[in-house]
Amino acid sequence: MNKLIKKSLIATLAVTSIATSSFAADSLADAFSNGKIKGDIKSYYFDENYDLAKTSDNSIWVNGGSLNYVTDSFKGVKLGTTLQTSHVGTIDDDTSKQAKFMDASGSVLSEAYLEYKYANTSFKGGRQFISLPLINGSGSRLIKESFEGYFLANTDIPNTLVSLGKVTKYQTRTDSVTSGTNAASFSNTEVNDSDVGGFNKIGTDGAVSLYIKNDSIKNLTIQGHYVDFIDEVKDLYVDATYKFGGDFKPFIAAQYYNTNYDKATVKDSSLNGYKVGATFFTVDFHAAYTSTDEKGNVNRGIGEAATASFTSSTSTVGNYTAGTDSWQIGASKKFGNLTTKVSYTNSDSLIAKNDLKQTYLGAKYKFSGEFKNLAVSADYTIYENGKGNESKDKDELRLKAIYSF
């Protein structure tokens, strides 16, 4: 992997030395010279403290960032790359709790794609960040997850987006990630040596994706996502959100998951969810409820951000397990450049160890003036996980500083 990283870094730095412009290119040379550069510098500190299992207490400080370059359009074609890098500063983690999340030092070429657009149809193929309900790479840790895939998208139907594609590989946060909870499978053949995650083969032959989004009815947005993880499981996700408008901005939403496993020995399952919200005295309030079929676990898709459940919080494992009823209440408010959030989530499962109560407090501040493009955030979560001998109560602090350019 080191040779690939060096070559990727050289290539990325070479193209990023070119000037930028906002106009379409008249030649291939102009497409590269008019390309655009952006990126960020990150510093993250995470700390976990367990009430009983004190030996599992851990903390980690990691620094890194990303560098993105996209050519200008030439005859409808663009090329794009994103290099991510992560370097552990200090770590205190005797039981390797951060092995799958933050303990990674190295670099990875997370995006390397070709994009072509003609009229209302576009194609994007190669390594790329994807954000769909059932295929969604998380950016909550320093290394953002990515995929290798090939997608066609079309907007010829009024107020409708149709996307058809296939994903073949999944890039994890670290090389220690070998499985996902209630998620589609992938293979990791790398040595677990605290390196960044590589691109791993998804299932037996990847996954076929069909996504549709429509907002032709005023105030109503409907989206549906169907993914066939070949020879493994078929997932369907649908949700609808209606916004009433007015001073209080009330809305209602409903969602549905359906999971059909290819193996007859694994029970199919489904999840239903409902959400309401409104704004009072400049505070955004919401309440949500989800319920999973008692027959089996719902497969939430692939990627740690493939957690579209209305009751998802900092930890989302419990929402998708068989026979789990979850509810959540929350509020958020902006004070100028400061955004604050608070929520409480309660998941009641058939299996005691999956019971989970979460109290979340979050704040994010975006600087202006001389420190424009700098943002700092703090997230604090209290977990009451399991019952009796299965109890794993803990609290977690996440501090982040990000400068974007």
# chains A, B, ... in the order shown; residues from 1 in each chain; ligands from 1
>>> select_by_dssp(residues="range 72-213 of chain A", states="strand (DSSP E or B)", output="PyMOL selection string")
chain A and resi 74+77-92+106-118+121-128+131+135-136+146-154+160-171+174+186+196+199-202+207-213
>>> residues_around(residues="range 328-344 of chain A", least_positions_apart="4", cutoff="8 Å", atoms="only C-alpha atoms", output="list in words")
Thr282, Val283, Asp284, Phe285, His286, Ala287, Ala288, Tyr289, Thr311, Lys357, Gln358, Thr359, Tyr360, Leu361, Gly362, Ala363, Lys364, Tyr365, Lys366 and Phe367 of chain A
>>> closest_residue(among="A:Tyr226, A:Phe46, A:Tyr320, A:Tyr380", to="Thr181 in chain A", atoms="only C-alpha atoms")
A:Tyr320
>>> closest_residue(among="A:Leu161, A:Ala153, A:Val238, A:Ala53", to="Asn214 in chain A", atoms="only C-alpha atoms")
A:Leu161
>>> residues_around(residues="Asp47 in chain A", least_positions_apart="5", cutoff="12 Å", atoms="only C-alpha atoms", output="number ranges by chain")
A: 56-62, 90-93, 97-98, 102, 378-381, 394-400
>>> closest_residue(among="A:Leu114, A:Ala104, A:Ile143, A:Ala31", to="Thr81 in chain A", atoms="only C-alpha atoms")
A:Leu114
>>> atom_distance(atom1="CA of Val108 in chain A", atom2="CA of Leu83 in chain A")
5.9 Å
>>> residues_around(residues="Phe147 in chain A", least_positions_apart="5", cutoff="9 Å", atoms="only C-alpha atoms", output="VMD selection string")
chain A and resid 110 to 111 126 to 130 135 to 137 167 to 172 199 to 200 303
>>> decode(residues="range 239-284 of chain A", atoms="N, CA and C atoms", output="PDB file, in the first residue's frame")
ATOM      1  N   ASP A 239     -38.892   6.621   2.176  1.00  0.00           N
ATOM      2  CA  ASP A 239     -39.389   7.588   3.158  1.00  0.00           C
ATOM      3  C   ASP A 239     -40.098   8.734   2.450  1.00  0.00           C
ATOM      4  N   ALA A 240     -40.929   9.428   3.204  1.00  0.00           N
ATOM      5  CA  ALA A 240     -41.683  10.574   2.688  1.00  0.00           C
ATOM      6  C   ALA A 240     -41.744  11.632   3.771  1.00  0.00           C
ATOM      7  N   THR A 241     -41.503  12.898   3.379  1.00  0.00           N
ATOM      8  CA  THR A 241     -41.538  14.016   4.312  1.00  0.00           C
ATOM      9  C   THR A 241     -42.438  15.107   3.768  1.00  0.00           C
ATOM     10  N   TYR A 242     -43.380  15.554   4.588  1.00  0.00           N
ATOM     11  CA  TYR A 242     -44.281  16.643   4.187  1.00  0.00           C
ATOM     12  C   TYR A 242     -44.068  17.830   5.111  1.00  0.00           C
ATOM     13  N   LYS A 243     -43.755  18.998   4.513  1.00  0.00           N
ATOM     14  CA  LYS A 243     -43.538  20.226   5.258  1.00  0.00           C
ATOM     15  C   LYS A 243     -44.735  21.147   5.058  1.00  0.00           C
ATOM     16  N   PHE A 244     -45.369  21.555   6.167  1.00  0.00           N
ATOM     17  CA  PHE A 244     -46.585  22.348   6.082  1.00  0.00           C
ATOM     18  C   PHE A 244     -46.327  23.824   5.818  1.00  0.00           C
ATOM     19  N   GLY A 245     -45.148  24.324   6.159  1.00  0.00           N
ATOM     20  CA  GLY A 245     -44.869  25.735   5.993  1.00  0.00           C
ATOM     21  C   GLY A 245     -45.431  26.548   7.147  1.00  0.00           C
ATOM     22  N   GLY A 246     -45.392  27.876   7.023  1.00  0.00           N
ATOM     23  CA  GLY A 246     -45.884  28.727   8.091  1.00  0.00           C
ATOM     24  C   GLY A 246     -44.793  29.075   9.088  1.00  0.00           C
ATOM     25  N   ASP A 247     -45.160  29.848  10.090  1.00  0.00           N
ATOM     26  CA  ASP A 247     -44.182  30.336  11.061  1.00  0.00           C
ATOM     27  C   ASP A 247     -43.539  29.218  11.873  1.00  0.00           C
ATOM     28  N   PHE A 248     -44.302  28.161  12.176  1.00  0.00           N
ATOM     29  CA  PHE A 248     -43.782  27.093  13.018  1.00  0.00           C
ATOM     30  C   PHE A 248     -43.106  25.961  12.228  1.00  0.00           C
ATOM     31  N   LYS A 249     -43.171  26.011  10.922  1.00  0.00           N
ATOM     32  CA  LYS A 249     -42.506  25.051  10.033  1.00  0.00           C
ATOM     33  C   LYS A 249     -42.725  23.598  10.454  1.00  0.00           C
ATOM     34  N   PRO A 250     -43.961  23.193  10.713  1.00  0.00           N
ATOM     35  CA  PRO A 250     -44.188  21.800  11.126  1.00  0.00           C
ATOM     36  C   PRO A 250     -43.969  20.834   9.966  1.00  0.00           C
ATOM     37  N   PHE A 251     -43.565  19.595  10.299  1.00  0.00           N
ATOM     38  CA  PHE A 251     -43.411  18.561   9.277  1.00  0.00           C
ATOM     39  C   PHE A 251     -43.759  17.202   9.875  1.00  0.00           C
ATOM     40  N   ILE A 252     -44.116  16.292   9.001  1.00  0.00           N
ATOM     41  CA  ILE A 252     -44.322  14.898   9.383  1.00  0.00           C
ATOM     42  C   ILE A 252     -43.559  14.031   8.388  1.00  0.00           C
ATOM     43  N   ALA A 253     -43.103  12.867   8.844  1.00  0.00           N
ATOM     44  CA  ALA A 253     -42.335  11.986   7.972  1.00  0.00           C
ATOM     45  C   ALA A 253     -42.584  10.534   8.362  1.00  0.00           C
ATOM     46  N   ALA A 254     -42.464   9.657   7.378  1.00  0.00           N
ATOM     47  CA  ALA A 254     -42.589   8.218   7.618  1.00  0.00           C
ATOM     48  C   ALA A 254     -41.521   7.500   6.814  1.00  0.00           C
ATOM     49  N   GLN A 255     -41.066   6.332   7.322  1.00  0.00           N
ATOM     50  CA  GLN A 255     -40.043   5.572   6.624  1.00  0.00           C
ATOM     51  C   GLN A 255     -40.315   4.078   6.749  1.00  0.00           C
ATOM     52  N   TYR A 256     -39.727   3.329   5.807  1.00  0.00           N
ATOM     53  CA  TYR A 256     -39.928   1.875   5.804  1.00  0.00           C
ATOM     54  C   TYR A 256     -38.678   1.202   5.263  1.00  0.00           C
ATOM     55  N   TYR A 257     -38.185   0.201   5.996  1.00  0.00           N
ATOM     56  CA  TYR A 257     -37.109  -0.678   5.542  1.00  0.00           C
ATOM     57  C   TYR A 257     -37.696  -2.067   5.305  1.00  0.00           C
ATOM     58  N   ASN A 258     -37.177  -2.773   4.289  1.00  0.00           N
ATOM     59  CA  ASN A 258     -37.509  -4.180   4.099  1.00  0.00           C
ATOM     60  C   ASN A 258     -36.243  -4.925   3.715  1.00  0.00           C
ATOM     61  N   THR A 259     -35.960  -6.010   4.434  1.00  0.00           N
ATOM     62  CA  THR A 259     -34.750  -6.799   4.214  1.00  0.00           C
ATOM     63  C   THR A 259     -35.115  -8.228   3.876  1.00  0.00           C
ATOM     64  N   ASN A 260     -34.613  -8.716   2.738  1.00  0.00           N
ATOM     65  CA  ASN A 260     -34.817 -10.104   2.322  1.00  0.00           C
ATOM     66  C   ASN A 260     -33.464 -10.766   2.106  1.00  0.00           C
ATOM     67  N   TYR A 261     -33.143 -11.732   2.981  1.00  0.00           N
ATOM     68  CA  TYR A 261     -31.859 -12.423   2.898  1.00  0.00           C
ATOM     69  C   TYR A 261     -31.934 -13.574   1.900  1.00  0.00           C
ATOM     70  N   ASP A 262     -30.830 -13.785   1.175  1.00  0.00           N
ATOM     71  CA  ASP A 262     -30.777 -14.871   0.200  1.00  0.00           C
ATOM     72  C   ASP A 262     -30.749 -16.233   0.872  1.00  0.00           C
ATOM     73  N   LYS A 263     -30.155 -16.317   2.060  1.00  0.00           N
ATOM     74  CA  LYS A 263     -30.107 -17.573   2.799  1.00  0.00           C
ATOM     75  C   LYS A 263     -31.438 -17.809   3.509  1.00  0.00           C
ATOM     76  N   ALA A 264     -32.028 -18.979   3.263  1.00  0.00           N
ATOM     77  CA  ALA A 264     -33.318 -19.291   3.872  1.00  0.00           C
ATOM     78  C   ALA A 264     -33.227 -19.415   5.385  1.00  0.00           C
ATOM     79  N   THR A 265     -32.014 -19.659   5.899  1.00  0.00           N
ATOM     80  CA  THR A 265     -31.839 -19.837   7.339  1.00  0.00           C
ATOM     81  C   THR A 265     -31.803 -18.511   8.097  1.00  0.00           C
ATOM     82  N   VAL A 266     -31.704 -17.395   7.373  1.00  0.00           N
ATOM     83  CA  VAL A 266     -31.678 -16.074   8.010  1.00  0.00           C
ATOM     84  C   VAL A 266     -33.043 -15.418   7.828  1.00  0.00           C
ATOM     85  N   LYS A 267     -33.650 -14.989   8.903  1.00  0.00           N
ATOM     86  CA  LYS A 267     -35.002 -14.447   8.876  1.00  0.00           C
ATOM     87  C   LYS A 267     -35.045 -13.053   8.247  1.00  0.00           C
ATOM     88  N   ASP A 268     -36.008 -12.858   7.333  1.00  0.00           N
ATOM     89  CA  ASP A 268     -36.248 -11.538   6.751  1.00  0.00           C
ATOM     90  C   ASP A 268     -36.816 -10.605   7.825  1.00  0.00           C
ATOM     91  N   SER A 269     -36.744  -9.295   7.569  1.00  0.00           N
ATOM     92  CA  SER A 269     -37.229  -8.354   8.572  1.00  0.00           C
ATOM     93  C   SER A 269     -37.630  -7.033   7.938  1.00  0.00           C
ATOM     94  N   SER A 270     -38.200  -6.155   8.762  1.00  0.00           N
ATOM     95  CA  SER A 270     -38.614  -4.835   8.285  1.00  0.00           C
ATOM     96  C   SER A 270     -38.586  -3.851   9.448  1.00  0.00           C
ATOM     97  N   LEU A 271     -38.609  -2.566   9.118  1.00  0.00           N
ATOM     98  CA  LEU A 271     -38.617  -1.505  10.126  1.00  0.00           C
ATOM     99  C   LEU A 271     -39.562  -0.409   9.667  1.00  0.00           C
ATOM    100  N   ASN A 272     -40.374   0.094  10.575  1.00  0.00           N
ATOM    101  CA  ASN A 272     -41.250   1.234  10.315  1.00  0.00           C
ATOM    102  C   ASN A 272     -40.848   2.386  11.213  1.00  0.00           C
ATOM    103  N   GLY A 273     -40.909   3.600  10.681  1.00  0.00           N
ATOM    104  CA  GLY A 273     -40.532   4.755  11.476  1.00  0.00           C
ATOM    105  C   GLY A 273     -41.408   5.958  11.191  1.00  0.00           C
ATOM    106  N   TYR A 274     -41.528   6.828  12.200  1.00  0.00           N
ATOM    107  CA  TYR A 274     -42.361   8.028  12.087  1.00  0.00           C
ATOM    108  C   TYR A 274     -41.654   9.182  12.803  1.00  0.00           C
ATOM    109  N   LYS A 275     -41.835  10.382  12.260  1.00  0.00           N
ATOM    110  CA  LYS A 275     -41.147  11.537  12.829  1.00  0.00           C
ATOM    111  C   LYS A 275     -42.003  12.783  12.641  1.00  0.00           C
ATOM    112  N   VAL A 276     -42.037  13.640  13.658  1.00  0.00           N
ATOM    113  CA  VAL A 276     -42.727  14.919  13.577  1.00  0.00           C
ATOM    114  C   VAL A 276     -41.798  15.990  14.123  1.00  0.00           C
ATOM    115  N   GLY A 277     -42.033  17.227  13.696  1.00  0.00           N
ATOM    116  CA  GLY A 277     -41.201  18.305  14.187  1.00  0.00           C
ATOM    117  C   GLY A 277     -41.816  19.663  13.909  1.00  0.00           C
ATOM    118  N   ALA A 278     -41.318  20.678  14.583  1.00  0.00           N
ATOM    119  CA  ALA A 278     -41.777  22.049  14.397  1.00  0.00           C
ATOM    120  C   ALA A 278     -40.778  22.990  15.057  1.00  0.00           C
ATOM    121  N   THR A 279     -40.927  24.284  14.767  1.00  0.00           N
ATOM    122  CA  THR A 279     -40.049  25.303  15.325  1.00  0.00           C
ATOM    123  C   THR A 279     -40.847  26.240  16.226  1.00  0.00           C
ATOM    124  N   PHE A 280     -40.417  26.349  17.482  1.00  0.00           N
ATOM    125  CA  PHE A 280     -41.057  27.237  18.436  1.00  0.00           C
ATOM    126  C   PHE A 280     -39.990  28.110  19.089  1.00  0.00           C
ATOM    127  N   PHE A 281     -40.210  29.431  19.042  1.00  0.00           N
ATOM    128  CA  PHE A 281     -39.288  30.386  19.646  1.00  0.00           C
ATOM    129  C   PHE A 281     -37.860  30.159  19.139  1.00  0.00           C
ATOM    130  N   THR A 282     -37.733  29.960  17.831  1.00  0.00           N
ATOM    131  CA  THR A 282     -36.471  29.757  17.085  1.00  0.00           C
ATOM    132  C   THR A 282     -35.751  28.465  17.481  1.00  0.00           C
ATOM    133  N   VAL A 283     -36.426  27.562  18.181  1.00  0.00           N
ATOM    134  CA  VAL A 283     -35.855  26.264  18.532  1.00  0.00           C
ATOM    135  C   VAL A 283     -36.530  25.183  17.691  1.00  0.00           C
ATOM    136  N   ASP A 284     -35.736  24.346  17.030  1.00  0.00           N
ATOM    137  CA  ASP A 284     -36.270  23.248  16.222  1.00  0.00           C
ATOM    138  C   ASP A 284     -36.433  22.004  17.095  1.00  0.00           C
TER     139      ASP A 284
END
